[in-house]
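What follows is input16.txt (compact mmCIF, C-alpha atoms).
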```txt
# COMPACT_ATOMS: atom_id res chain seq x y z
CA MET A 1 0.00 0.00 0.00
CA LYS A 2 1.42 3.35 -1.09
CA ILE A 3 -0.23 6.65 -0.21
CA TYR A 4 0.17 9.86 -2.19
CA MET A 5 -0.60 13.10 -0.34
CA LEU A 6 -1.85 15.10 -3.32
CA GLY A 7 -3.60 17.97 -1.56
CA THR A 8 -3.10 18.91 2.09
CA GLY A 9 -4.72 22.35 2.09
CA THR A 10 -8.13 23.85 2.72
CA LEU A 11 -10.50 26.25 0.99
CA HIS A 12 -7.84 28.98 1.18
CA PRO A 13 -5.83 29.46 -2.04
CA VAL A 14 -2.22 28.82 -1.04
CA ALA A 15 0.59 28.60 -3.60
CA HIS A 16 2.22 25.43 -2.27
CA GLN A 17 -0.98 23.53 -1.39
CA ALA A 18 -3.83 22.02 -3.31
CA SER A 19 -7.08 21.47 -1.46
CA ALA A 20 -7.92 18.03 -0.07
CA GLY A 21 -7.05 14.85 -1.92
CA ILE A 22 -5.05 11.64 -1.63
CA ALA A 23 -4.51 8.55 -3.77
CA VAL A 24 -3.86 5.03 -2.50
CA GLU A 25 -2.10 2.42 -4.63
CA VAL A 26 -2.90 -1.20 -3.82
CA GLU A 27 -1.52 -4.04 -5.94
CA GLY A 28 -1.29 -1.74 -8.94
CA GLU A 29 -4.85 -0.42 -8.49
CA LEU A 30 -5.31 3.29 -7.72
CA LEU A 31 -8.06 4.54 -5.42
CA GLY A 32 -8.74 8.27 -5.13
CA PHE A 33 -10.07 10.02 -2.02
CA ASP A 34 -11.36 13.58 -2.38
CA MET A 35 -10.64 15.83 -5.33
CA GLY A 36 -10.38 19.45 -4.26
CA ARG A 37 -8.86 22.40 -6.09
CA CYS A 38 -5.66 21.57 -8.07
CA VAL A 39 -5.59 17.91 -6.97
CA LEU A 40 -5.70 16.81 -10.62
CA ASN A 41 -2.41 18.64 -11.20
CA ARG A 42 -0.89 16.86 -8.21
CA TYR A 43 -1.74 13.47 -9.76
CA SER A 44 0.36 14.38 -12.79
CA GLU A 45 3.18 15.77 -10.63
CA ALA A 46 3.27 12.44 -8.77
CA GLY A 47 3.56 10.51 -12.04
CA LEU A 48 -0.03 9.24 -11.77
CA ASP A 49 -2.67 9.42 -14.50
CA PRO A 50 -5.99 10.50 -12.93
CA LEU A 51 -7.82 9.58 -16.13
CA GLN A 52 -7.08 5.91 -15.31
CA LEU A 53 -8.97 6.10 -12.01
CA LYS A 54 -11.75 3.56 -11.68
CA TYR A 55 -12.62 4.36 -8.05
CA LEU A 56 -13.10 7.81 -6.55
CA HIS A 57 -14.36 8.45 -3.01
CA LEU A 58 -15.53 11.80 -1.69
CA SER A 59 -15.70 12.43 2.03
CA HIS A 60 -18.24 15.22 1.52
CA LEU A 61 -19.38 17.73 -1.05
CA HIS A 62 -17.78 20.96 0.15
CA PRO A 63 -15.90 22.47 -2.83
CA ASP A 64 -12.45 22.12 -1.26
CA HIS A 65 -13.00 18.35 -1.34
CA SER A 66 -14.85 18.02 -4.66
CA SER A 67 -14.29 20.98 -7.00
CA ASP A 68 -11.87 19.19 -9.34
CA LEU A 69 -14.73 16.90 -10.30
CA VAL A 70 -15.52 19.43 -13.02
CA PRO A 71 -12.18 19.31 -14.89
CA PHE A 72 -11.90 15.59 -14.11
CA LEU A 73 -15.22 14.67 -15.72
CA PHE A 74 -14.59 17.05 -18.62
CA ALA A 75 -11.23 15.43 -19.30
CA LEU A 76 -12.64 11.91 -18.98
CA ARG A 77 -15.12 12.62 -21.76
CA TYR A 78 -12.79 14.31 -24.25
CA ALA A 79 -9.13 13.68 -23.41
CA PRO A 80 -8.61 9.89 -23.56
CA GLN A 81 -7.64 8.51 -26.95
CA PRO A 82 -9.16 6.06 -27.62
CA ALA A 83 -12.31 7.13 -25.77
CA ARG A 84 -12.82 5.73 -22.29
CA THR A 85 -15.04 2.67 -22.07
CA GLU A 86 -14.19 1.49 -18.56
CA ALA A 87 -16.66 2.28 -15.78
CA LEU A 88 -16.00 4.99 -13.18
CA HIS A 89 -17.29 4.36 -9.64
CA ILE A 90 -17.81 7.40 -7.39
CA THR A 91 -18.73 7.01 -3.71
CA ALA A 92 -19.93 9.96 -1.61
CA PRO A 93 -22.65 10.84 0.92
CA GLU A 94 -26.20 11.59 -0.18
CA GLY A 95 -26.35 14.53 -2.57
CA LEU A 96 -23.78 13.28 -5.10
CA ALA A 97 -26.32 12.52 -7.85
CA ASN A 98 -28.02 15.88 -7.37
CA LEU A 99 -24.68 17.70 -7.53
CA LEU A 100 -23.70 15.97 -10.77
CA ASP A 101 -27.13 16.61 -12.30
CA ASN A 102 -26.81 20.32 -11.54
CA LEU A 103 -23.25 20.45 -12.89
CA ARG A 104 -24.34 18.82 -16.14
CA ARG A 105 -27.14 21.37 -16.54
CA GLY A 106 -24.52 24.10 -16.61
CA TRP A 107 -21.78 22.12 -18.35
CA LYS A 108 -23.34 19.59 -20.72
CA TRP A 109 -19.80 18.52 -21.68
CA LEU A 110 -19.53 16.65 -18.36
CA GLU A 111 -22.11 14.05 -19.47
CA PRO A 112 -20.28 10.71 -19.47
CA GLU A 113 -20.04 8.52 -22.53
CA TYR A 114 -18.73 5.65 -20.39
CA PRO A 115 -20.49 3.76 -17.56
CA LEU A 116 -20.74 5.94 -14.44
CA HIS A 117 -21.80 4.25 -11.20
CA LEU A 118 -22.70 6.41 -8.21
CA ARG A 119 -22.84 5.08 -4.66
CA GLU A 120 -24.46 7.40 -2.15
CA ALA A 121 -23.12 5.53 0.85
CA GLU A 122 -24.12 5.35 4.45
CA ALA A 123 -22.29 3.22 7.00
CA THR A 124 -21.43 0.21 4.85
CA THR A 125 -18.71 -2.12 3.60
CA PHE A 126 -17.77 -3.02 0.04
CA GLN A 127 -14.95 -4.44 -2.08
CA GLU A 128 -13.10 -2.50 -4.78
CA GLY A 129 -10.45 -4.46 -6.60
CA PRO A 130 -7.96 -5.72 -3.99
CA ALA A 131 -9.19 -3.35 -1.24
CA HIS A 132 -11.93 -3.80 1.34
CA LEU A 133 -13.58 -0.53 2.36
CA THR A 134 -15.69 0.43 5.35
CA THR A 135 -17.45 3.79 5.64
CA ALA A 136 -18.86 5.62 8.64
CA PHE A 137 -20.60 8.95 9.08
CA LEU A 138 -18.36 11.41 10.90
CA ASP A 139 -19.54 14.65 12.49
CA HIS A 140 -18.97 17.71 10.30
CA GLY A 141 -21.80 19.94 11.44
CA SER A 142 -24.74 20.00 9.02
CA MET A 143 -22.70 18.51 6.15
CA ALA A 144 -22.74 14.73 5.83
CA ASN A 145 -19.14 13.46 5.84
CA LEU A 146 -17.93 9.92 5.22
CA GLY A 147 -14.79 8.54 6.78
CA TYR A 148 -13.14 5.64 4.95
CA ARG A 149 -11.28 2.61 6.28
CA VAL A 150 -9.21 0.82 3.64
CA GLU A 151 -7.94 -2.70 4.36
CA ALA A 152 -5.49 -4.27 1.92
CA GLU A 153 -2.18 -6.12 1.89
CA GLY A 154 -2.55 -6.76 5.62
CA LYS A 155 -2.61 -3.01 6.39
CA VAL A 156 -5.29 -0.55 7.48
CA LEU A 157 -5.58 3.08 6.37
CA VAL A 158 -8.26 5.46 7.66
CA TYR A 159 -9.09 8.79 6.00
CA THR A 160 -11.34 11.29 7.76
CA GLY A 161 -12.23 14.04 5.35
CA ASP A 162 -13.47 16.77 7.73
CA THR A 163 -14.64 15.79 11.18
CA GLU A 164 -14.55 16.33 14.90
CA GLN A 165 -13.98 13.81 17.65
CA GLY A 166 -16.63 11.12 18.08
CA ASP A 167 -17.36 7.42 18.47
CA GLY A 168 -17.76 7.00 14.71
CA LEU A 169 -14.14 7.93 14.09
CA LEU A 170 -12.91 6.08 17.18
CA ASN A 171 -14.43 2.84 15.90
CA LEU A 172 -13.38 3.41 12.28
CA ALA A 173 -9.75 4.09 13.26
CA HIS A 174 -9.39 1.19 15.71
CA GLN A 175 -5.84 -0.20 15.44
CA ALA A 176 -5.25 1.50 12.08
CA ASP A 177 -1.71 1.43 10.72
CA ILE A 178 -2.22 4.96 9.40
CA LEU A 179 -4.85 7.54 10.30
CA ILE A 180 -4.92 10.52 7.92
CA SER A 181 -6.88 13.19 9.73
CA GLU A 182 -7.65 16.83 9.29
CA CYS A 183 -6.62 19.17 12.11
CA SER A 184 -7.84 22.60 11.11
CA TYR A 185 -7.20 24.56 14.31
CA THR A 186 -4.93 24.83 17.32
CA ASP A 187 -6.35 23.97 20.74
CA ALA A 188 -6.73 27.68 21.54
CA ARG A 189 -8.94 28.18 18.45
CA ALA A 190 -10.78 24.85 18.56
CA GLN A 191 -14.20 24.92 16.92
CA ALA A 192 -17.01 22.47 16.37
CA SER A 193 -17.06 20.46 13.12
CA HIS A 194 -13.25 20.32 12.84
CA MET A 195 -10.38 18.69 14.70
CA ALA A 196 -7.91 20.36 17.04
CA PRO A 197 -4.73 18.57 18.20
CA ARG A 198 -5.64 17.71 21.80
CA ARG A 199 -8.85 15.96 20.72
CA LEU A 200 -7.13 14.30 17.78
CA GLY A 201 -4.20 13.06 19.85
CA GLN A 202 -6.49 11.63 22.51
CA LEU A 203 -8.60 9.88 19.89
CA ALA A 204 -5.58 8.42 18.08
CA LYS A 205 -4.24 7.07 21.37
CA ALA A 206 -7.60 5.58 22.37
CA ALA A 207 -7.95 3.97 18.92
CA GLU A 208 -4.42 2.50 19.20
CA VAL A 209 -3.36 4.07 15.90
CA LYS A 210 0.25 3.39 14.87
CA LYS A 211 0.92 6.43 12.65
CA LEU A 212 -0.99 9.73 12.60
CA VAL A 213 -0.77 11.86 9.45
CA VAL A 214 -2.06 15.39 9.94
CA THR A 215 -3.48 17.46 7.09
CA HIS A 216 -5.96 20.28 6.28
CA LEU A 217 -4.45 22.96 8.54
CA PHE A 218 -5.80 26.44 7.91
CA PRO A 219 -3.11 28.99 6.94
CA GLU A 220 -3.32 30.73 10.32
CA THR A 221 -2.87 27.42 12.19
CA ASP A 222 0.70 27.03 13.44
CA PRO A 223 1.89 23.52 12.47
CA ASP A 224 4.57 23.50 15.17
CA GLU A 225 1.98 24.24 17.84
CA VAL A 226 -0.27 21.50 16.46
CA GLU A 227 2.57 18.97 16.45
CA ARG A 228 3.67 19.82 19.99
CA SER A 229 0.14 19.34 21.30
CA LEU A 230 -0.33 16.08 19.42
CA ARG A 231 2.89 14.63 20.81
CA GLY A 232 1.70 15.53 24.30
CA HIS A 233 -1.36 13.28 23.90
CA PHE A 234 -0.27 10.58 21.42
CA ASP A 235 2.80 8.34 21.70
CA GLY A 236 2.78 7.00 18.15
CA GLU A 237 4.44 8.41 15.04
CA VAL A 238 3.23 11.86 13.92
CA VAL A 239 3.67 13.13 10.35
CA MET A 240 2.77 16.68 9.32
CA ALA A 241 1.62 16.19 5.73
CA LYS A 242 2.77 18.23 2.75
CA ASP A 243 1.71 18.12 -0.89
CA GLY A 244 3.77 15.60 -2.84
CA MET A 245 4.62 13.43 0.15
CA THR A 246 4.39 9.66 -0.22
CA LEU A 247 3.81 7.28 2.68
CA GLU A 248 3.68 3.56 3.38
CA PRO A 249 2.30 1.79 6.48
```

Do you think you could lay out the structure here as structure tokens?
Amino acid sequence: MKIYMLGTGTLHPVAHQASAGIAVEVEGELLGFDMGRCVLNRYSEAGLDPLQLKYLHLSHLHPDHSSDLVPFLFALRYAPQPARTEALHITAPEGLANLLDNLRRGWKWLEPEYPLHLREAEATTFQEGPAHLTTAFLDHGSMANLGYRVEAEGKVLVYTGDTEQGDGLLNLAHQADILISECSYTDARAQASHMAPRRLGQLAKAAEVKKLVVTHLFPETDPDEVERSLRGHFDGEVVMAKDGMTLEP
């Protein structure tokens, strides 16, 4: 299992960061998770071809996690030569079909000419190629957010999207080899619907996570302060994510 940190940013336009997105390579199969602003470019920079994706998973439908759907779907229809015939599977919370319908009303060029399968998931499990996935609803205020647990090659990866502390994430992350979690704020600025380091560190420790990868810090959030707080509550490995980073369990 190889993990590509494609976008570690937020809704704020920052020169060195795309918005949220990662890719996970398992036995030669690529699985995408979130596709925010400029994430498509990061695929190419990592030597990956996003137009070969068969499986894309969205944590939620905020634009910083889904806006590159527009150039992605546009490219899938017109760029591949020969034309794409392989199915694309997109998993997201409820609202995905409505979002795509509305996008196609404005941009008819997004209409697929290949099989497109949408899964508006709840808490469920399913198989995609060599990977077994489990989803759980995580608390992100009024916006439905799916966390994903990926089990493959004897390893476990958990990806949060945007969330705050709760039993859903605690159960999903239980004994994960890697937990990739957002941590938008410092403890002093902690807010509902997002993680802060004290809560995240306590959760990672309780879940017996081996490696904690921290992403989605707002520009005003001091990464050194976040890391110091995390290390005060969690004894495992801590990685402060950057665009272009690759990881293995």

Closest contacts (region 140-163 of chain A/region 202-226 of chain A, max 12 Å, only C-alpha atoms) as a Markdown table:
```
| residue | atom | partner | partner_atom | distance |
| --- | --- | --- | --- | --- |
| A:Lys155 | CA | A:Lys210 | CA | 11.0 |
| A:Val156 | CA | A:Val209 | CA | 9.8 |
| A:Leu157 | CA | A:Lys211 | CA | 9.6 |
| A:Val158 | CA | A:Val209 | CA | 9.7 |
| A:Tyr159 | CA | A:Val213 | CA | 9.5 |
| A:Thr160 | CA | A:Thr215 | CA | 10.0 |
| A:Gly161 | CA | A:His216 | CA | 8.9 |
| A:Asp162 | CA | A:His216 | CA | 8.4 |
| A:Thr163 | CA | A:His216 | CA | 10.9 |
```

- Task: Quick one: pull the distance between CA of Leu6 (chain A) and CA of Tyr43 (chain A), Å, one decimal.
- Result: 6.6 Å

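In terms of minimum interatomic distance to Glu153 (chain A), A:Gly129 ranks closest within A:Pro82, A:Gly129, A:Gly95, A:Gly141, counting only C-alpha atoms.
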
- Query: So, counting all atoms listed in the file, which residue among A:His194, A:His12, A:His65, A:Arg231 is closest to Asp139 (chain A)?
  - Reply: A:His194

Against region 106-122 of chain A, which residues of region 10-85 of chain A fall within 8 Å? For each one I want the closest pair of atoms and the distance in Å (one decimal), counting only C-alpha atoms, rows by chain and increasing residue number, as a Markdown table.
```
| residue | atom | partner | partner_atom | distance |
| --- | --- | --- | --- | --- |
| A:Val70 | CA | A:Leu110 | CA | 7.2 |
| A:Leu73 | CA | A:Leu110 | CA | 5.4 |
| A:Phe74 | CA | A:Leu110 | CA | 5.0 |
| A:Leu76 | CA | A:Pro112 | CA | 7.7 |
| A:Arg77 | CA | A:Pro112 | CA | 6.0 |
| A:Arg84 | CA | A:Tyr114 | CA | 6.2 |
| A:Thr85 | CA | A:Tyr114 | CA | 5.0 |
```

Just the selected residues (C-alpha atoms), exported as a compact mmCIF listing (two decimals), in the frame of the given file, please.
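File written: selection07.txt
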```
# COMPACT_ATOMS: atom_id res chain seq x y z
CA VAL A 70 -15.52 19.43 -13.02
CA LEU A 73 -15.22 14.67 -15.72
CA PHE A 74 -14.59 17.05 -18.62
CA LEU A 76 -12.64 11.91 -18.98
CA ARG A 77 -15.12 12.62 -21.76
CA ARG A 84 -12.82 5.73 -22.29
CA THR A 85 -15.04 2.67 -22.07
```

- From A:Arg199, A:Glu94, A:Asn171, A:Ala23, residue lying nearest Gly47 (chain A) [all atoms listed in the file]: A:Ala23

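Reported to one decimal place, the separation of CA of Gly32 (chain A) from CA of Glu128 (chain A) is 11.6 Å.
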
- Message: Given the point (-3.0, 14.6, -2.4) in the file's coordinates, find the residues that have an atom at most 6 Å from it, counting all atoms listed in the file, and give them as number ranges by chain.
- Response: A: 4-7, 21-22

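Across the structure, CA of Leu61 (chain A) and CA of Phe33 (chain A) are spaced 12.1 Å apart.
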
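Taking only C-alpha atoms into account, the protein, DNA and RNA residues within 10 Å of (-19.4, 17.1, -11.3) read Ser66, Ser67, Asp68, Leu69, Val70, Pro71, Phe72, Leu73, Phe74, Leu96, Ala97, Asn98, Leu99, Leu100, Asp101, Asn102, Leu103, Arg104, Trp107, Leu110 and Glu111 of chain A.
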
- Shell around Tyr55 (chain A) at 8 Å using all atoms listed in the file, local window under 6 positions removed, as a PyMOL selection string: chain A and resi 30-32+88-91+128

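The shortest atom-to-atom distance to Glu151 (chain A), with only C-alpha atoms taken into account, belongs to A:His132 out of A:Arg198, A:Arg105, A:His233, A:His132.
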
- Message: Can you tell me which residues surround Asn145 (chain A) at a distance of at most 6 Å, considering all atoms listed in the file, apart from same-chain residues fewer than 6 positions away, and format the answer as a ChimeraX atom specification?
- Response: /A:59-60,137-138

Axis-aligned box for all listed atoms of region 65-81 of chain A, 5 Å per side, centre and edges in Å to one decimal, as lines of an AutoDock Vina configuration file:
```
center_x = -11.6
center_y = 14.7
center_z = -14.1
size_x = 17.9
size_y = 22.5
size_z = 35.6
```

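Using only C-alpha atoms, the shortest contact distance between Lys54 (chain A) and any of A:Val24, A:Ala75, A:Glu86, A:Arg37 is found at A:Glu86.
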
At the level of N, CA and C atoms, write region 105-121 of chain A to a file as a PDB file, in the first residue's frame, please.
```pdb
ATOM      1  N   ARG A 105     -26.227  20.361 -15.983  1.00  0.00           N
ATOM      2  CA  ARG A 105     -27.135  21.370 -16.538  1.00  0.00           C
ATOM      3  C   ARG A 105     -26.354  22.596 -16.988  1.00  0.00           C
ATOM      4  N   GLY A 106     -25.333  22.951 -16.235  1.00  0.00           N
ATOM      5  CA  GLY A 106     -24.517  24.102 -16.606  1.00  0.00           C
ATOM      6  C   GLY A 106     -23.427  23.767 -17.602  1.00  0.00           C
ATOM      7  N   TRP A 107     -22.873  22.569 -17.487  1.00  0.00           N
ATOM      8  CA  TRP A 107     -21.780  22.124 -18.354  1.00  0.00           C
ATOM      9  C   TRP A 107     -22.174  20.786 -18.967  1.00  0.00           C
ATOM     10  N   LYS A 108     -22.865  20.829 -20.090  1.00  0.00           N
ATOM     11  CA  LYS A 108     -23.342  19.593 -20.723  1.00  0.00           C
ATOM     12  C   LYS A 108     -22.175  18.687 -21.132  1.00  0.00           C
ATOM     13  N   TRP A 109     -20.979  19.268 -21.243  1.00  0.00           N
ATOM     14  CA  TRP A 109     -19.805  18.517 -21.681  1.00  0.00           C
ATOM     15  C   TRP A 109     -19.299  17.548 -20.614  1.00  0.00           C
ATOM     16  N   LEU A 110     -19.907  17.585 -19.416  1.00  0.00           N
ATOM     17  CA  LEU A 110     -19.527  16.646 -18.363  1.00  0.00           C
ATOM     18  C   LEU A 110     -20.291  15.331 -18.468  1.00  0.00           C
ATOM     19  N   GLU A 111     -21.306  15.266 -19.321  1.00  0.00           N
ATOM     20  CA  GLU A 111     -22.112  14.055 -19.472  1.00  0.00           C
ATOM     21  C   GLU A 111     -21.221  12.900 -19.893  1.00  0.00           C
ATOM     22  N   PRO A 112     -21.209  11.807 -19.141  1.00  0.00           N
ATOM     23  CA  PRO A 112     -20.279  10.713 -19.470  1.00  0.00           C
ATOM     24  C   PRO A 112     -20.738   9.920 -20.674  1.00  0.00           C
ATOM     25  N   GLU A 113     -19.766   9.452 -21.441  1.00  0.00           N
ATOM     26  CA  GLU A 113     -20.041   8.520 -22.529  1.00  0.00           C
ATOM     27  C   GLU A 113     -19.418   7.164 -22.205  1.00  0.00           C
ATOM     28  N   TYR A 114     -19.259   6.899 -20.938  1.00  0.00           N
ATOM     29  CA  TYR A 114     -18.734   5.654 -20.391  1.00  0.00           C
ATOM     30  C   TYR A 114     -19.634   5.312 -19.204  1.00  0.00           C
ATOM     31  N   PRO A 115     -19.631   4.097 -18.712  1.00  0.00           N
ATOM     32  CA  PRO A 115     -20.491   3.758 -17.563  1.00  0.00           C
ATOM     33  C   PRO A 115     -20.060   4.526 -16.308  1.00  0.00           C
ATOM     34  N   LEU A 116     -21.000   5.199 -15.680  1.00  0.00           N
ATOM     35  CA  LEU A 116     -20.740   5.941 -14.444  1.00  0.00           C
ATOM     36  C   LEU A 116     -21.653   5.386 -13.358  1.00  0.00           C
ATOM     37  N   HIS A 117     -21.053   4.853 -12.292  1.00  0.00           N
ATOM     38  CA  HIS A 117     -21.802   4.253 -11.198  1.00  0.00           C
ATOM     39  C   HIS A 117     -21.620   5.104  -9.943  1.00  0.00           C
ATOM     40  N   LEU A 118     -22.723   5.571  -9.402  1.00  0.00           N
ATOM     41  CA  LEU A 118     -22.701   6.414  -8.208  1.00  0.00           C
ATOM     42  C   LEU A 118     -23.181   5.612  -7.010  1.00  0.00           C
ATOM     43  N   ARG A 119     -22.439   5.712  -5.923  1.00  0.00           N
ATOM     44  CA  ARG A 119     -22.843   5.077  -4.664  1.00  0.00           C
ATOM     45  C   ARG A 119     -22.986   6.174  -3.613  1.00  0.00           C
ATOM     46  N   GLU A 120     -24.223   6.452  -3.228  1.00  0.00           N
ATOM     47  CA  GLU A 120     -24.460   7.405  -2.146  1.00  0.00           C
ATOM     48  C   GLU A 120     -24.496   6.591  -0.858  1.00  0.00           C
ATOM     49  N   ALA A 121     -23.336   6.505  -0.213  1.00  0.00           N
ATOM     50  CA  ALA A 121     -23.116   5.530   0.847  1.00  0.00           C
ATOM     51  C   ALA A 121     -23.580   6.047   2.202  1.00  0.00           C
TER      52      ALA A 121
END
```
